[in-house]
file start18.pdb (PDB, C-alpha atoms)
MODEL        1
ATOM      1  CA  MET A 233     216.199 186.431  15.094
ATOM      2  CA  GLN A 234     217.425 189.943  14.463
ATOM      3  CA  VAL A 235     214.014 191.167  13.270
ATOM      4  CA  ASN A 236     212.441 189.807  16.410
ATOM      5  CA  SER A 237     215.041 191.574  18.523
ATOM      6  CA  GLN A 238     214.460 194.848  16.683
ATOM      7  CA  LEU A 239     210.709 194.571  17.208
ATOM      8  CA  GLU A 240     211.241 193.930  20.889
ATOM      9  CA  MET A 241     213.533 196.952  21.169
ATOM     10  CA  ARG A 242     210.997 199.130  19.376
ATOM     11  CA  SER A 243     208.266 197.887  21.669
ATOM     12  CA  GLN A 244     210.366 198.682  24.736
ATOM     13  CA  LYS A 245     211.141 202.163  23.436
ATOM     14  CA  GLU A 246     207.450 202.823  22.807
ATOM     15  CA  LYS A 247     206.607 201.603  26.272
ATOM     16  CA  ILE A 248     209.244 203.884  27.777
ATOM     17  CA  LEU A 249     207.857 206.828  25.821
ATOM     18  CA  ARG A 250     204.329 206.100  27.043
ATOM     19  CA  LEU A 251     205.561 205.817  30.623
ATOM     20  CA  GLU A 252     207.495 209.063  30.345
ATOM     21  CA  GLU A 253     204.402 210.810  29.035
ATOM     22  CA  GLU A 254     202.285 209.389  31.831
ATOM     23  CA  ASN A 255     204.914 210.488  34.332
ATOM     24  CA  ARG A 256     204.862 214.018  32.904
ATOM     25  CA  LYS A 257     201.074 214.170  33.196
ATOM     26  CA  LEU A 258     201.192 212.868  36.758
ATOM     27  CA  ARG A 259     203.741 215.513  37.678
ATOM     28  CA  GLU A 260     201.486 218.199  36.233
ATOM     29  CA  ASP A 261     198.518 216.820  38.154
ATOM     30  CA  ASN A 262     200.576 216.695  41.319
ATOM     31  CA  GLU A 263     201.658 220.300  40.886
ATOM     32  CA  MET A 264     198.059 221.359  40.313
ATOM     33  CA  LEU A 265     196.908 219.497  43.431
ATOM     34  CA  LEU A 266     199.654 221.071  45.509
ATOM     35  CA  ASN A 267     198.540 224.505  44.345
ATOM     36  CA  ILE A 268     194.958 223.663  45.267
ATOM     37  CA  MET A 269     196.088 222.546  48.726
ATOM     38  CA  VAL A 270     197.947 225.807  49.257
ATOM     39  CA  GLN A 271     194.857 227.781  48.272
ATOM     40  CA  MET A 272     192.675 225.667  50.551
ATOM     41  CA  LYS A 273     195.039 226.301  53.456
ATOM     42  CA  VAL A 274     194.903 230.043  52.846
ATOM     43  CA  THR A 275     191.117 229.921  52.694
ATOM     44  CA  LEU A 276     190.904 227.854  55.859
ATOM     45  CA  ASN A 277     193.173 230.264  57.693
ATOM     46  CA  ARG A 278     190.989 233.173  56.613
ATOM     47  CA  LEU A 279     187.867 231.398  57.816
ATOM     48  CA  VAL A 280     189.441 230.559  61.148
ATOM     49  CA  ASN A 281     190.613 234.132  61.585
ATOM     50  CA  ARG A 282     187.241 235.530  60.694
ATOM     51  CA  TYR A 283     184.885 233.211  62.538
ATOM     52  CA  VAL A 284     186.822 231.566  65.337
ATOM     53  CA  THR A 285     189.053 234.425  66.394
ATOM     54  CA  GLU A 286     186.247 236.950  66.066
ATOM     55  CA  GLN A 287     184.017 234.820  68.288
ATOM     56  CA  THR A 288     186.596 234.794  71.072
ATOM     57  CA  LYS A 289     186.677 238.598  71.008
ATOM     58  CA  LEU A 290     182.944 238.758  71.790
TER      59      LEU A 290
ENDMDL
END
call {"tool": "encode", "arguments": {"input": "start18.pdb", "output": "structure tokens"}}
result
Amino acid sequence: MQVNSQLEMRSQKEKILRLEEENRKLREDNEMLLNIMVQMKVTLNRLVNRYVTEQTKL
């Protein structure tokens, strides 16, 4: 019984470690995507300023 319990505990610990690693990777991906969104917003604002605002001045 005790060996079975130890194996189950080890399995749970390994699963937790895998989940923690996946969580870390997801956080990194999320941070990268947020940075991309910020850059896209800056680019969009530049385009709007250049093309839309310039057109209204004509």
call {"tool": "atom_distance", "arguments": {"input": "start18.pdb", "atom1": "CA of Asp261 in chain A", "atom2": "CA of Thr275 in chain A"}}
result
20.9 Å
call {"tool": "atom_distance", "arguments": {"input": "start18.pdb", "atom1": "CA of Lys273 in chain A", "atom2": "CA of Thr285 in chain A"}}
result
16.4 Å
call {"tool": "atom_distance", "arguments": {"input": "start18.pdb", "atom1": "CA of Val270 in chain A", "atom2": "CA of Glu254 in chain A"}}
result
24.3 Å
call {"tool": "build_atoms", "arguments": {"input": "start18.pdb", "residues": "range 249-277 of chain A", "atoms": "N, CA and C atoms", "output": "short mmCIF file (atom, residue, chain, number, x, y, z; two decimals), in the coordinates of the input"}}
result
data_model
loop_
_atom_site.label_atom_id
_atom_site.label_comp_id
_atom_site.auth_asym_id
_atom_site.auth_seq_id
_atom_site.Cartn_x
_atom_site.Cartn_y
_atom_site.Cartn_z
N LEU A 249 208.42 205.54 26.20
CA LEU A 249 207.86 206.83 25.82
C LEU A 249 206.47 207.04 26.44
N ARG A 250 205.66 206.01 26.42
CA ARG A 250 204.33 206.10 27.04
C ARG A 250 204.44 206.35 28.54
N LEU A 251 205.36 205.64 29.18
CA LEU A 251 205.56 205.82 30.62
C LEU A 251 206.09 207.21 30.96
N GLU A 252 206.98 207.71 30.13
CA GLU A 252 207.50 209.06 30.34
C GLU A 252 206.39 210.10 30.20
N GLU A 253 205.52 209.89 29.22
CA GLU A 253 204.40 210.81 29.04
C GLU A 253 203.43 210.74 30.22
N GLU A 254 203.16 209.55 30.67
CA GLU A 254 202.28 209.39 31.83
C GLU A 254 202.92 210.04 33.06
N ASN A 255 204.20 209.88 33.22
CA ASN A 255 204.91 210.49 34.33
C ASN A 255 204.82 212.01 34.26
N ARG A 256 204.97 212.57 33.09
CA ARG A 256 204.86 214.02 32.90
C ARG A 256 203.47 214.51 33.30
N LYS A 257 202.45 213.79 32.86
CA LYS A 257 201.07 214.17 33.20
C LYS A 257 200.82 214.07 34.70
N LEU A 258 201.35 213.03 35.31
CA LEU A 258 201.19 212.87 36.76
C LEU A 258 201.89 213.99 37.52
N ARG A 259 203.04 214.40 37.03
CA ARG A 259 203.74 215.51 37.68
C ARG A 259 202.93 216.81 37.57
N GLU A 260 202.34 217.02 36.40
CA GLU A 260 201.49 218.20 36.23
C GLU A 260 200.29 218.15 37.17
N ASP A 261 199.66 216.99 37.25
CA ASP A 261 198.52 216.82 38.15
C ASP A 261 198.93 217.05 39.60
N ASN A 262 200.07 216.53 39.96
CA ASN A 262 200.58 216.70 41.32
C ASN A 262 200.81 218.17 41.63
N GLU A 263 201.41 218.87 40.70
CA GLU A 263 201.66 220.30 40.89
C GLU A 263 200.33 221.06 41.04
N MET A 264 199.36 220.72 40.23
CA MET A 264 198.06 221.36 40.31
C MET A 264 197.40 221.09 41.67
N LEU A 265 197.49 219.85 42.13
CA LEU A 265 196.91 219.50 43.43
C LEU A 265 197.62 220.21 44.57
N LEU A 266 198.91 220.34 44.47
CA LEU A 266 199.65 221.07 45.51
C LEU A 266 199.21 222.53 45.55
N ASN A 267 199.01 223.12 44.39
CA ASN A 267 198.54 224.50 44.34
C ASN A 267 197.15 224.63 44.95
N ILE A 268 196.30 223.66 44.69
CA ILE A 268 194.96 223.66 45.27
C ILE A 268 195.04 223.56 46.79
N MET A 269 195.93 222.71 47.27
CA MET A 269 196.09 222.55 48.73
C MET A 269 196.56 223.85 49.37
N VAL A 270 197.47 224.53 48.72
CA VAL A 270 197.95 225.81 49.26
C VAL A 270 196.79 226.80 49.33
N GLN A 271 195.99 226.86 48.28
CA GLN A 271 194.86 227.78 48.27
C GLN A 271 193.83 227.41 49.35
N MET A 272 193.61 226.12 49.52
CA MET A 272 192.68 225.67 50.55
C MET A 272 193.18 226.05 51.95
N LYS A 273 194.46 225.94 52.15
CA LYS A 273 195.04 226.30 53.46
C LYS A 273 194.86 227.79 53.72
N VAL A 274 195.08 228.60 52.70
CA VAL A 274 194.90 230.04 52.85
C VAL A 274 193.45 230.36 53.18
N THR A 275 192.55 229.71 52.47
CA THR A 275 191.12 229.92 52.69
C THR A 275 190.72 229.48 54.10
N LEU A 276 191.21 228.34 54.52
CA LEU A 276 190.90 227.85 55.86
C LEU A 276 191.41 228.82 56.92
N ASN A 277 192.61 229.31 56.74
CA ASN A 277 193.17 230.26 57.69
C ASN A 277 192.33 231.53 57.76
#
